[in-house]
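Here's structure.json, which has JSON, C-alpha atoms and all ligand atoms:
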[["chain", "number", "residue", "atom", "x", "y", "z"],
["A", 1, "MET", "CA", 10.75, 25.94, -0.73],
["A", 2, "THR", "CA", 14.32, 25.39, 0.46],
["A", 3, "THR", "CA", 16.90, 25.35, -2.31],
["A", 4, "LEU", "CA", 19.52, 22.63, -2.36],
["A", 5, "SER", "CA", 22.33, 25.08, -1.61],
["A", 6, "ALA", "CA", 20.38, 26.59, 1.30],
["A", 7, "LEU", "CA", 19.74, 23.08, 2.60],
["A", 8, "ASN", "CA", 23.42, 22.18, 2.46],
["A", 9, "ASP", "CA", 24.46, 25.52, 3.94],
["A", 10, "ARG", "CA", 22.22, 24.97, 6.94],
["A", 11, "TYR", "CA", 22.10, 21.21, 7.51],
["A", 12, "ALA", "CA", 25.04, 19.52, 5.76],
["A", 13, "ILE", "CA", 27.74, 18.11, 8.09],
["A", 14, "ALA", "CA", 31.21, 17.96, 6.57],
["A", 15, "GLY", "CA", 32.19, 14.38, 5.82],
["A", 16, "GLN", "CA", 28.88, 13.04, 7.21],
["A", 17, "VAL", "CA", 25.74, 14.56, 5.66],
["A", 18, "THR", "CA", 25.13, 16.08, 2.23],
["A", 19, "PHE", "CA", 21.93, 16.77, 0.27],
["A", 20, "GLU", "CA", 21.77, 15.89, -3.41],
["A", 21, "ALA", "CA", 19.02, 16.12, -6.06],
["A", 22, "GLU", "CA", 17.85, 13.09, -8.07],
["A", 23, "PRO", "CA", 17.13, 13.52, -11.83],
["A", 24, "ASN", "CA", 13.36, 13.67, -11.18],
["A", 25, "GLY", "CA", 13.84, 16.39, -8.62],
["A", 26, "LEU", "CA", 13.58, 14.40, -5.42],
["A", 27, "VAL", "CA", 16.21, 15.38, -2.84],
["A", 28, "LEU", "CA", 18.21, 12.79, -0.93],
["A", 29, "ALA", "CA", 20.12, 13.18, 2.32],
["A", 30, "LYS", "CA", 23.28, 11.07, 2.01],
["A", 31, "VAL", "CA", 24.80, 9.97, 5.32],
["A", 32, "ARG", "CA", 28.14, 8.35, 6.05],
["A", 33, "ASN", "CA", 29.73, 7.95, 9.48],
["A", 34, "PRO", "CA", 32.16, 5.54, 11.18],
["A", 35, "HIS", "CA", 29.31, 3.06, 11.81],
["A", 36, "ALA", "CA", 27.19, 3.00, 8.65],
["A", 37, "SER", "CA", 25.92, 4.64, 5.48],
["A", 38, "ALA", "CA", 22.34, 5.63, 4.68],
["A", 39, "GLN", "CA", 20.21, 7.60, 2.26],
["A", 40, "ILE", "CA", 16.94, 9.35, 3.09],
["A", 41, "CYS", "CA", 14.51, 10.80, 0.55],
["A", 42, "LEU", "CA", 13.08, 14.12, 1.76],
["A", 43, "GLN", "CA", 9.79, 13.14, 0.12],
["A", 44, "GLY", "CA", 8.24, 11.05, 2.85],
["A", 45, "ALA", "CA", 11.32, 11.29, 5.12],
["A", 46, "GLN", "CA", 11.85, 7.83, 3.64],
["A", 47, "VAL", "CA", 14.98, 5.89, 4.46],
["A", 48, "ILE", "CA", 15.88, 4.22, 1.16],
["A", 49, "GLN", "CA", 19.24, 2.76, 2.07],
["A", 50, "TRP", "CA", 21.00, 1.66, 5.28],
["A", 51, "ALA", "CA", 24.05, -0.55, 5.65],
["A", 52, "PRO", "CA", 26.20, -0.86, 8.77],
["A", 53, "LEU", "CA", 29.95, -0.67, 7.97],
["A", 54, "ASN", "CA", 31.15, -3.87, 6.20],
["A", 55, "GLU", "CA", 27.57, -5.24, 6.23],
["A", 56, "HIS", "CA", 25.34, -6.19, 3.31],
["A", 57, "PRO", "CA", 22.53, -3.60, 2.87],
["A", 58, "VAL", "CA", 19.74, -4.20, 5.39],
["A", 59, "ILE", "CA", 17.05, -1.98, 3.87],
["A", 60, "TRP", "CA", 15.90, -3.14, 0.43],
["A", 61, "LEU", "CA", 15.32, -0.74, -2.48],
["A", 62, "SER", "CA", 13.72, -1.97, -5.69],
["A", 63, "LYS", "CA", 15.97, -1.85, -8.74],
["A", 64, "ALA", "CA", 12.88, -0.60, -10.57],
["A", 65, "ALA", "CA", 11.99, 2.07, -8.01],
["A", 66, "LYS", "CA", 10.62, 5.22, -9.59],
["A", 67, "PHE", "CA", 11.80, 8.46, -7.99],
["A", 68, "MET", "CA", 8.73, 10.47, -8.95],
["A", 69, "PRO", "CA", 7.32, 13.43, -7.00],
["A", 70, "GLY", "CA", 4.07, 12.41, -5.35],
["A", 71, "LYS", "CA", 4.68, 8.64, -5.59],
["A", 72, "SER", "CA", 6.17, 6.59, -2.77],
["A", 73, "VAL", "CA", 9.55, 5.08, -3.73],
["A", 74, "ARG", "CA", 9.31, 1.26, -3.78],
["A", 75, "GLY", "CA", 11.35, -0.05, -0.90],
["A", 76, "GLY", "CA", 13.05, 1.54, 2.06],
["A", 77, "VAL", "CA", 10.90, 2.62, 5.00],
["A", 78, "PRO", "CA", 7.71, 4.30, 3.74],
["A", 79, "VAL", "CA", 5.86, 6.20, 6.48],
["A", 80, "CYS", "CA", 2.21, 5.17, 6.45],
["A", 81, "TRP", "CA", 0.24, 7.94, 8.22],
["A", 82, "PRO", "CA", -2.34, 9.12, 9.32],
["A", 83, "TRP", "CA", -4.04, 5.93, 8.20],
["A", 84, "PHE", "CA", -2.79, 2.43, 7.33],
["A", 85, "GLY", "CA", -4.35, 0.65, 4.33],
["A", 86, "PRO", "CA", -7.24, 2.18, 2.36],
["A", 87, "HIS", "CA", -8.84, 5.41, 3.62],
["A", 88, "ALA", "CA", -11.85, 4.54, 5.77],
["A", 89, "SER", "CA", -14.36, 6.44, 3.64],
["A", 90, "ASP", "CA", -12.84, 8.34, 0.71],
["A", 91, "THR", "CA", -11.41, 6.36, -2.20],
["A", 92, "ARG", "CA", -9.93, 9.58, -3.62],
["A", 93, "PHE", "CA", -7.30, 9.49, -0.87],
["A", 94, "PRO", "CA", -4.18, 7.30, -1.22],
["A", 95, "ALA", "CA", -3.69, 3.96, 0.50],
["A", 96, "HIS", "CA", -1.46, 4.22, 3.58],
["A", 97, "GLY", "CA", -2.09, 7.96, 3.92],
["A", 98, "TYR", "CA", -0.28, 10.87, 2.28],
["A", 99, "ALA", "CA", 2.83, 11.21, 4.52],
["A", 100, "ARG", "CA", 5.01, 9.09, 2.19],
["A", 101, "THR", "CA", 4.10, 11.13, -0.91],
["A", 102, "VAL", "CA", 4.64, 14.71, 0.29],
["A", 103, "GLU", "CA", 7.72, 16.81, 0.98],
["A", 104, "TRP", "CA", 9.12, 16.95, 4.52],
["A", 105, "ASP", "CA", 11.36, 19.74, 5.81],
["A", 106, "VAL", "CA", 14.70, 19.09, 7.50],
["A", 107, "ILE", "CA", 14.55, 20.67, 10.96],
["A", 108, "GLU", "CA", 17.76, 19.31, 12.53],
["A", 109, "THR", "CA", 20.92, 17.37, 11.74],
["A", 110, "ALA", "CA", 23.61, 16.45, 14.28],
["A", 111, "ALA", "CA", 26.82, 14.44, 14.50],
["A", 112, "LEU", "CA", 26.37, 12.60, 17.81],
["A", 113, "ALA", "CA", 29.19, 12.09, 20.28],
["A", 114, "ASP", "CA", 29.07, 8.30, 19.74],
["A", 115, "GLY", "CA", 29.68, 8.74, 15.99],
["A", 116, "ARG", "CA", 26.07, 8.21, 14.92],
["A", 117, "THR", "CA", 24.15, 10.77, 12.87],
["A", 118, "LEU", "CA", 20.75, 12.27, 13.75],
["A", 119, "LEU", "CA", 18.42, 13.75, 11.17],
["A", 120, "VAL", "CA", 14.98, 15.18, 12.04],
["A", 121, "PHE", "CA", 12.24, 15.92, 9.52],
["A", 122, "ARG", "CA", 8.79, 17.52, 9.79],
["A", 123, "LEU", "CA", 5.95, 16.80, 7.34],
["A", 124, "ARG", "CA", 5.18, 19.91, 5.28],
["A", 125, "GLU", "CA", 1.42, 20.49, 5.49],
["A", 126, "SER", "CA", -0.50, 22.06, 2.60],
["A", 127, "ALA", "CA", -4.03, 22.56, 1.31],
["A", 128, "PRO", "CA", -4.08, 19.01, -0.18],
["A", 129, "THR", "CA", -2.90, 17.45, 3.10],
["A", 130, "ARG", "CA", -5.39, 19.48, 5.13],
["A", 131, "GLU", "CA", -8.19, 18.40, 2.78],
["A", 132, "GLN", "CA", -7.35, 14.77, 3.61],
["A", 133, "TRP", "CA", -6.64, 15.42, 7.29],
["A", 134, "PRO", "CA", -8.11, 18.67, 8.68],
["A", 135, "HIS", "CA", -6.42, 18.38, 12.08],
["A", 136, "ASP", "CA", -3.48, 20.27, 13.59],
["A", 137, "THR", "CA", -1.30, 17.25, 14.34],
["A", 138, "PRO", "CA", 2.32, 17.98, 13.38],
["A", 139, "LEU", "CA", 4.26, 14.87, 12.33],
["A", 140, "GLU", "CA", 8.02, 14.59, 12.89],
["A", 141, "CYS", "CA", 10.46, 11.79, 12.14],
["A", 142, "ARG", "CA", 13.79, 11.36, 13.97],
["A", 143, "ILE", "CA", 16.26, 9.06, 12.23],
["A", 144, "THR", "CA", 19.48, 7.97, 13.93],
["A", 145, "VAL", "CA", 21.99, 6.25, 11.68],
["A", 146, "GLY", "CA", 24.59, 3.95, 13.24],
["A", 147, "ASP", "CA", 25.26, 0.23, 13.42],
["A", 148, "THR", "CA", 21.62, 0.23, 14.45],
["A", 149, "LEU", "CA", 18.96, 2.21, 12.62],
["A", 150, "GLU", "CA", 16.48, 4.02, 14.87],
["A", 151, "ILE", "CA", 13.37, 5.73, 13.55],
["A", 152, "GLU", "CA", 10.92, 7.60, 15.78],
["A", 153, "LEU", "CA", 7.65, 8.99, 14.44],
["A", 154, "SER", "CA", 6.04, 11.69, 16.62],
["A", 155, "THR", "CA", 2.41, 12.75, 16.24],
["A", 156, "LYS", "CA", 1.43, 15.76, 18.38],
["A", 157, "ASN", "CA", -2.23, 16.57, 18.94],
["A", 158, "ASN", "CA", -2.45, 20.38, 18.96],
["A", 159, "THR", "CA", -6.25, 20.32, 18.70],
["A", 160, "ASP", "CA", -8.76, 20.53, 21.55],
["A", 161, "SER", "CA", -10.28, 17.11, 20.87],
["A", 162, "THR", "CA", -8.98, 13.57, 20.60],
["A", 163, "VAL", "CA", -7.66, 12.36, 17.24],
["A", 164, "THR", "CA", -7.42, 8.75, 16.13],
["A", 165, "ILE", "CA", -4.79, 7.46, 13.70],
["A", 166, "THR", "CA", -3.43, 4.23, 12.31],
["A", 167, "GLU", "CA", 0.15, 4.15, 11.04],
["A", 168, "ALA", "CA", 3.16, 2.00, 10.20],
["A", 169, "LEU", "CA", 6.82, 2.12, 9.31],
["A", 170, "HIS", "CA", 6.42, -0.05, 6.22],
["A", 171, "THR", "CA", 9.96, -1.39, 6.16],
["A", 172, "TYR", "CA", 11.35, -3.47, 3.30],
["A", 173, "PHE", "CA", 14.21, -5.66, 4.54],
["A", 174, "GLU", "CA", 16.82, -7.09, 2.16],
["A", 175, "ILE", "CA", 17.16, -10.86, 2.39],
["A", 176, "GLY", "CA", 19.14, -13.48, 0.47],
["A", 177, "ASP", "CA", 16.12, -15.45, -0.76],
["A", 178, "ILE", "CA", 12.51, -15.46, 0.44],
["A", 179, "GLY", "CA", 12.54, -19.27, 0.49],
["A", 180, "LYS", "CA", 15.35, -19.33, 3.07],
["A", 181, "VAL", "CA", 13.91, -16.92, 5.60],
["A", 182, "SER", "CA", 11.89, -17.40, 8.77],
["A", 183, "ILE", "CA", 10.43, -14.73, 11.02],
["A", 184, "ALA", "CA", 10.39, -15.43, 14.74],
["A", 185, "GLY", "CA", 8.65, -13.57, 17.55],
["A", 186, "LEU", "CA", 5.06, -13.76, 16.35],
["A", 187, "GLU", "CA", 4.34, -17.28, 17.57],
["A", 188, "ASP", "CA", 0.85, -17.76, 19.13],
["A", 189, "THR", "CA", -0.17, -14.29, 17.94],
["A", 190, "GLU", "CA", -3.53, -13.59, 16.33],
["A", 191, "TYR", "CA", -3.46, -12.09, 12.85],
["A", 192, "LEU", "CA", -5.79, -10.91, 10.09],
["A", 193, "ASP", "CA", -4.98, -12.82, 6.92],
["A", 194, "LYS", "CA", -5.51, -10.32, 4.07],
["A", 195, "VAL", "CA", -4.81, -13.06, 1.52],
["A", 196, "ASP", "CA", -7.73, -15.09, 2.92],
["A", 197, "GLY", "CA", -10.54, -12.57, 3.24],
["A", 198, "GLY", "CA", -9.12, -10.95, 6.36],
["A", 199, "GLN", "CA", -9.89, -14.03, 8.45],
["A", 200, "ARG", "CA", -8.62, -14.11, 12.02],
["A", 201, "LYS", "CA", -6.01, -16.82, 12.53],
["A", 202, "LEU", "CA", -3.39, -17.85, 15.07],
["A", 203, "GLN", "CA", 0.30, -18.03, 14.18],
["A", 204, "HIS", "CA", 1.83, -21.43, 14.84],
["A", 205, "GLY", "CA", 5.63, -21.40, 14.95],
["A", 206, "PRO", "CA", 7.81, -18.98, 13.01],
["A", 207, "VAL", "CA", 6.49, -17.30, 9.84],
["A", 208, "THR", "CA", 7.81, -18.80, 6.61],
["A", 209, "ILE", "CA", 6.87, -17.57, 3.13],
["A", 210, "ALA", "CA", 6.15, -19.76, 0.09],
["A", 211, "GLY", "CA", 3.53, -17.59, -1.59],
["A", 212, "GLU", "CA", 1.80, -14.21, -1.17],
["A", 213, "VAL", "CA", 1.66, -13.28, 2.53],
["A", 214, "ASP", "CA", -0.16, -10.21, 3.86],
["A", 215, "ARG", "CA", -0.87, -10.48, 7.59],
["A", 216, "VAL", "CA", -1.65, -7.92, 10.28],
["A", 217, "TYR", "CA", -0.53, -9.39, 13.62],
["A", 218, "LEU", "CA", -2.56, -7.83, 16.40],
["A", 219, "ASP", "CA", -1.88, -6.80, 20.02],
["A", 220, "THR", "CA", 1.81, -7.61, 19.80],
["A", 221, "ARG", "CA", 4.70, -5.58, 21.18],
["A", 222, "ALA", "CA", 7.17, -8.39, 20.63],
["A", 223, "GLU", "CA", 10.65, -8.07, 19.20],
["A", 224, "VAL", "CA", 10.76, -9.85, 15.85],
["A", 225, "PHE", "CA", 13.71, -11.56, 14.17],
["A", 226, "ILE", "CA", 14.26, -12.21, 10.47],
["A", 227, "GLU", "CA", 16.49, -15.29, 10.29],
["A", 228, "ASP", "CA", 18.22, -15.27, 6.90],
["A", 229, "LEU", "CA", 19.92, -18.58, 6.08],
["A", 230, "GLU", "CA", 21.23, -17.33, 2.73],
["A", 231, "LEU", "CA", 22.98, -14.21, 4.05],
["A", 232, "GLN", "CA", 23.74, -16.02, 7.35],
["A", 233, "ARG", "CA", 22.45, -13.17, 9.50],
["A", 234, "LYS", "CA", 19.60, -12.29, 11.80],
["A", 235, "ILE", "CA", 17.88, -8.90, 11.71],
["A", 236, "HIS", "CA", 16.50, -7.81, 15.09],
["A", 237, "ILE", "CA", 13.41, -5.59, 14.96],
["A", 238, "SER", "CA", 12.56, -3.86, 18.25],
["A", 239, "LYS", "CA", 9.67, -1.43, 18.65],
["A", 240, "ARG", "CA", 7.81, 0.82, 21.12],
["A", 241, "GLY", "CA", 4.44, 2.51, 20.74],
["A", 242, "SER", "CA", 3.30, -0.18, 18.31],
["A", 243, "ASP", "CA", 0.66, -2.87, 18.87],
["A", 244, "SER", "CA", 0.64, -4.32, 15.35],
["A", 245, "THR", "CA", 3.25, -6.01, 13.19],
["A", 246, "VAL", "CA", 2.53, -6.53, 9.49],
["A", 247, "VAL", "CA", 4.31, -9.19, 7.42],
["A", 248, "TRP", "CA", 4.05, -8.84, 3.64],
["A", 249, "ASN", "CA", 5.49, -10.36, 0.54],
["A", 250, "PRO", "CA", 3.54, -9.95, -2.74],
["A", 251, "TRP", "CA", 5.01, -13.05, -4.42],
["A", 252, "GLN", "CA", 5.33, -13.30, -8.19],
["A", 253, "ALA", "CA", 1.88, -12.53, -9.62],
["A", 254, "LYS", "CA", 1.18, -9.45, -7.52],
["A", 255, "ALA", "CA", 4.79, -8.27, -7.88],
["A", 256, "ASP", "CA", 4.50, -8.44, -11.67],
["A", 257, "LYS", "CA", 1.33, -6.33, -11.56],
["A", 258, "MET", "CA", 2.98, -3.69, -9.35],
["A", 259, "GLY", "CA", 5.55, -2.84, -12.02],
["A", 260, "ASP", "CA", 8.16, -1.35, -9.69],
["A", 261, "LEU", "CA", 9.34, -4.36, -7.74],
["A", 262, "GLY", "CA", 11.91, -5.33, -10.38],
["A", 263, "GLU", "CA", 12.79, -8.70, -11.92],
["A", 264, "ALA", "CA", 12.32, -11.33, -9.16],
["A", 265, "GLY", "CA", 12.56, -8.49, -6.66],
["A", 266, "PHE", "CA", 9.99, -10.21, -4.44],
["A", 267, "ARG", "CA", 12.57, -12.94, -3.70],
["A", 268, "ARG", "CA", 15.01, -10.46, -2.17],
["A", 269, "MET", "CA", 12.67, -8.58, 0.16],
["A", 270, "VAL", "CA", 10.29, -9.07, 3.01],
["A", 271, "CYS", "CA", 8.26, -6.35, 4.71],
["A", 272, "VAL", "CA", 8.07, -6.45, 8.49],
["A", 273, "GLU", "CA", 6.14, -3.35, 9.43],
["A", 274, "SER", "CA", 5.83, -1.93, 12.94],
["A", 275, "GLY", "CA", 2.75, 0.17, 13.51],
["A", 276, "ASN", "CA", -0.82, 0.40, 14.70],
["A", 277, "ALA", "CA", -3.25, -1.04, 12.17],
["A", 278, "ALA", "CA", -6.78, -2.47, 11.91],
["A", 279, "GLU", "CA", -8.34, -2.48, 15.40],
["A", 280, "ASN", "CA", -5.06, -1.34, 16.97],
["A", 281, "THR", "CA", -5.96, 2.31, 16.47],
["A", 282, "VAL", "CA", -4.15, 5.06, 18.42],
["A", 283, "THR", "CA", -6.21, 7.74, 20.13],
["A", 284, "ILE", "CA", -4.28, 10.86, 21.12],
["A", 285, "ALA", "CA", -5.78, 13.21, 23.71],
["A", 286, "PRO", "CA", -5.65, 17.00, 23.21],
["A", 287, "GLY", "CA", -2.15, 18.31, 23.86],
["A", 288, "GLU", "CA", -0.65, 14.81, 23.96],
["A", 289, "GLU", "CA", 2.08, 13.23, 21.78],
["A", 290, "HIS", "CA", 2.23, 9.66, 20.43],
["A", 291, "LEU", "CA", 5.59, 8.08, 19.60],
["A", 292, "LEU", "CA", 6.15, 5.10, 17.32],
["A", 293, "TRP", "CA", 9.77, 3.91, 17.59],
["A", 294, "VAL", "CA", 11.75, 1.12, 15.93],
["A", 295, "SER", "CA", 15.33, -0.06, 16.12],
["A", 296, "TYR", "CA", 16.94, -2.42, 13.62],
["A", 297, "ARG", "CA", 20.15, -4.37, 14.30],
["A", 298, "VAL", "CA", 22.04, -7.09, 12.42],
["A", 299, "GLU", "CA", 23.46, -10.10, 14.22],
["A", 300, "ARG", "CA", 25.86, -12.34, 12.32],
["A", 301, "ASP", "CA", 26.03, -16.11, 12.88],
["A", 401, "LIG", "O1", 1.52, -3.64, 4.28],
["A", 401, "LIG", "C1", 1.08, -4.53, 3.30],
["A", 401, "LIG", "C2", 0.26, -3.76, 2.27],
["A", 401, "LIG", "O2", -0.85, -3.14, 2.88],
["A", 401, "LIG", "C3", -0.14, -4.72, 1.16],
["A", 401, "LIG", "O3", -1.53, -5.00, 1.21],
["A", 401, "LIG", "C4", 0.28, -3.98, -0.12],
["A", 401, "LIG", "O4", -0.74, -3.12, -0.57],
["A", 401, "LIG", "C5", 1.50, -3.23, 0.41],
["A", 401, "LIG", "O5", 1.06, -2.73, 1.67],
["A", 401, "LIG", "C6", 2.09, -2.19, -0.51],
["A", 401, "LIG", "O6", 1.22, -1.13, -0.66],
["A", 401, "LIG", "P1", 1.68, 0.07, -1.64],
["A", 401, "LIG", "O7", 0.58, 1.08, -1.52],
["A", 401, "LIG", "O8", 3.00, 0.59, -1.15],
["A", 401, "LIG", "O9", 1.83, -0.55, -3.00]]

Can you present the structure in this file as structure tokens?
Amino acid sequence: MTTLSALNDRYAIAGQVTFEAEPNGLVLAKVRNPHASAQICLQGAQVIQWAPLNEHPVIWLSKAAKFMPGKSVRGGVPVCWPWFGPHASDTRFPAHGYARTVEWDVIETAALADGRTLLVFRLRESAPTREQWPHDTPLECRITVGDTLEIELSTKNNTDSTVTITEALHTYFEIGDIGKVSIAGLEDTEYLDKVDGGQRKLQHGPVTIAGEVDRVYLDTRAEVFIEDLELQRKIHISKRGSDSTVVWNPWQAKADKMGDLGEAGFRRMVCVESGNAAENTVTIAPGEEHLLWVSYRVERD
């Protein structure tokens, strides 16, 4: 267990990276550089804040988020791994896997020559994680903070047989108002509609949201754009190593039941998640590595 002072001694970067403890004991990495500011919770290696310099925050964090050990913080970029959605067979295990609810260790920080900041985390395995996932498949997350935000999730298969995972970077984006947003890039793409019994449907035109939306778009490697009329900006979402894109907004009724989305929080967020879900499973051969990478960028009108 690394103490806060040991963490800062080894990985803090003067004027750029410090580590601070939250009241409930969670530790945050606080990043500031000439391009942007960000905060990353060591539990889950979860980005909970990112704003390019002079830009409105791009990653949304619920005003009612609970920073509790063992519970994913509502908002930011939760890492869903080594499964997406409910566990295939054991209801004891958490939805979206355990990666977002356990401690990760810092293994590297660096001030890059171009002014951006790199932070690398490794999931800390334990008896509870091995009970849920008895495979030697180290998980690392590389986060590069600049006027773009890059996140790369690396799964290495150190076993002598293939392993199969599903996963996602479950990103909550901050928007001006859910009624004034459209999502482009998924046109003519098949999706599973989880609000309509998981039925297979085809996307016609851009995605707009006027009620609960929970869709897994399949076999798509497309760049996606959130066009935000209220904030007069476009968020570009690029990805590699991902065949699925999930679009989710709980709308009012489900948001009220969740209890940590905050008053009308559902109107200020939309999840566009890059991953490999449903039938888009990832099979990793012995000794191989699978990378899931995203890059987020803001374009102003
Ligand atoms: O990605 C969409 C989704 O699977 C929704 O069905 C909803 O459950 C959401 O994730 C949030 O899940 P969470 O476990 O974070 O409350």

Distance criterion (all atoms listed in the file): nearest to Pro286 of chain A out of A:Thr208, A:Thr137, A:Thr148, A:Thr189
A:Thr137

Between A:Arg268, A:Arg300, A:His290, A:Arg233, which is the closest to Asn158 of chain A once you count only C-alpha atoms?
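Among the listed residues, the smallest separation from Asn158 of chain A belongs to A:His290.
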
Residues contacting ligand LIG 401 (chain A) - anything with an atom at most 8 Å away, using all atoms listed in the file - can you give me those as a PyMOL selection string?
chain A and resi 72+74+78+84-85+94-96+170+194+214-215+246-250+258+271+273

Since we have the selection now, will you write its residues out, keeping C-alpha atoms, as a PDB file, keeping the file's coordinate frame?
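The result, stored in part00.pdb:
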ATOM      1  CA  SER A  72       6.170   6.590  -2.770  1.00  0.00           C
ATOM      2  CA  ARG A  74       9.310   1.260  -3.780  1.00  0.00           C
ATOM      3  CA  PRO A  78       7.710   4.300   3.740  1.00  0.00           C
ATOM      4  CA  PHE A  84      -2.790   2.430   7.330  1.00  0.00           C
ATOM      5  CA  GLY A  85      -4.350   0.650   4.330  1.00  0.00           C
ATOM      6  CA  PRO A  94      -4.180   7.300  -1.220  1.00  0.00           C
ATOM      7  CA  ALA A  95      -3.690   3.960   0.500  1.00  0.00           C
ATOM      8  CA  HIS A  96      -1.460   4.220   3.580  1.00  0.00           C
ATOM      9  CA  HIS A 170       6.420  -0.050   6.220  1.00  0.00           C
ATOM     10  CA  LYS A 194      -5.510 -10.320   4.070  1.00  0.00           C
ATOM     11  CA  ASP A 214      -0.160 -10.210   3.860  1.00  0.00           C
ATOM     12  CA  ARG A 215      -0.870 -10.480   7.590  1.00  0.00           C
ATOM     13  CA  VAL A 246       2.530  -6.530   9.490  1.00  0.00           C
ATOM     14  CA  VAL A 247       4.310  -9.190   7.420  1.00  0.00           C
ATOM     15  CA  TRP A 248       4.050  -8.840   3.640  1.00  0.00           C
ATOM     16  CA  ASN A 249       5.490 -10.360   0.540  1.00  0.00           C
ATOM     17  CA  PRO A 250       3.540  -9.950  -2.740  1.00  0.00           C
ATOM     18  CA  MET A 258       2.980  -3.690  -9.350  1.00  0.00           C
ATOM     19  CA  CYS A 271       8.260  -6.350   4.710  1.00  0.00           C
ATOM     20  CA  GLU A 273       6.140  -3.350   9.430  1.00  0.00           C
TER      21      GLU A 273
END

Minimum-distance residue to Glu230 of chain A, chosen among A:Ala184, A:Ile178, A:Cys41, A:Asp196 (using only C-alpha atoms):
A:Ile178

Could you tell me how far atom CA of Leu229 of chain A lies from atom CA of Asp177 of chain A, in Å and to one decimal?
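According to the coordinates, atom CA of Leu229 of chain A and atom CA of Asp177 of chain A are separated by 8.4 Å.
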
Counting all atoms listed in the file, find residues at most 9 Å from (12.0, 9.3, -13.1) (file frame) and give them as a list in words.
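Residues satisfying the cut-off, written out: Glu22, Pro23, Asn24, Gly25, Ala65, Lys66, Phe67, Met68 and Pro69 of chain A.
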
In Å, with one decimal, what is the gap from atom CA of Glu289 of chain A to atom CA of Trp81 of chain A?
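Separation of atom CA of Glu289 of chain A and atom CA of Trp81 of chain A: 14.7 Å.
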
Reconstruct N, CA, C and O atoms of segment 196-207 of chain A; output as an mmCIF file, keeping the file's coordinate frame.
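Once everything was written out, this is part-v6.cif:
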data_model
loop_
_atom_site.group_PDB
_atom_site.id
_atom_site.type_symbol
_atom_site.label_atom_id
_atom_site.label_comp_id
_atom_site.auth_asym_id
_atom_site.auth_seq_id
_atom_site.Cartn_x
_atom_site.Cartn_y
_atom_site.Cartn_z
ATOM 1 N N ASP A 196 -6.623 -14.123 2.739
ATOM 2 C CA ASP A 196 -7.730 -15.090 2.920
ATOM 3 C C ASP A 196 -8.922 -14.363 3.535
ATOM 4 O O ASP A 196 -9.401 -14.711 4.624
ATOM 5 N N GLY A 197 -9.329 -13.298 2.849
ATOM 6 C CA GLY A 197 -10.540 -12.570 3.240
ATOM 7 C C GLY A 197 -10.464 -11.892 4.584
ATOM 8 O O GLY A 197 -11.493 -11.575 5.201
ATOM 9 N N GLY A 198 -9.259 -11.653 5.074
ATOM 10 C CA GLY A 198 -9.120 -10.950 6.360
ATOM 11 C C GLY A 198 -9.480 -11.816 7.553
ATOM 12 O O GLY A 198 -9.674 -11.309 8.665
ATOM 13 N N GLN A 199 -9.525 -13.111 7.348
ATOM 14 C CA GLN A 199 -9.890 -14.030 8.450
ATOM 15 C C GLN A 199 -8.908 -13.940 9.611
ATOM 16 O O GLN A 199 -7.704 -13.736 9.410
ATOM 17 N N ARG A 200 -9.460 -14.078 10.809
ATOM 18 C CA ARG A 200 -8.620 -14.110 12.020
ATOM 19 C C ARG A 200 -8.015 -15.486 12.181
ATOM 20 O O ARG A 200 -8.725 -16.489 12.109
ATOM 21 N N LYS A 201 -6.697 -15.545 12.378
ATOM 22 C CA LYS A 201 -6.010 -16.820 12.530
ATOM 23 C C LYS A 201 -4.976 -16.706 13.642
ATOM 24 O O LYS A 201 -4.689 -15.596 14.115
ATOM 25 N N LEU A 202 -4.407 -17.835 14.027
ATOM 26 C CA LEU A 202 -3.390 -17.850 15.070
ATOM 27 C C LEU A 202 -2.077 -18.353 14.468
ATOM 28 O O LEU A 202 -2.071 -19.354 13.737
ATOM 29 N N GLN A 203 -0.987 -17.644 14.747
ATOM 30 C CA GLN A 203 0.300 -18.030 14.180
ATOM 31 C C GLN A 203 0.879 -19.212 14.947
ATOM 32 O O GLN A 203 1.006 -19.156 16.173
ATOM 33 N N HIS A 204 1.194 -20.266 14.202
ATOM 34 C CA HIS A 204 1.830 -21.430 14.840
ATOM 35 C C HIS A 204 3.287 -21.471 14.371
ATOM 36 O O HIS A 204 3.546 -21.552 13.157
ATOM 37 N N GLY A 205 4.204 -21.343 15.310
ATOM 38 C CA GLY A 205 5.630 -21.400 14.950
ATOM 39 C C GLY A 205 6.065 -20.140 14.213
ATOM 40 O O GLY A 205 5.297 -19.175 14.086
ATOM 41 N N PRO A 206 7.303 -20.153 13.724
ATOM 42 C CA PRO A 206 7.810 -18.980 13.010
ATOM 43 C C PRO A 206 7.079 -18.798 11.675
ATOM 44 O O PRO A 206 6.482 -19.738 11.153
ATOM 45 N N VAL A 207 7.124 -17.597 11.117
ATOM 46 C CA VAL A 207 6.490 -17.300 9.840
ATOM 47 C C VAL A 207 7.459 -17.674 8.714
ATOM 48 O O VAL A 207 8.609 -17.216 8.723
#
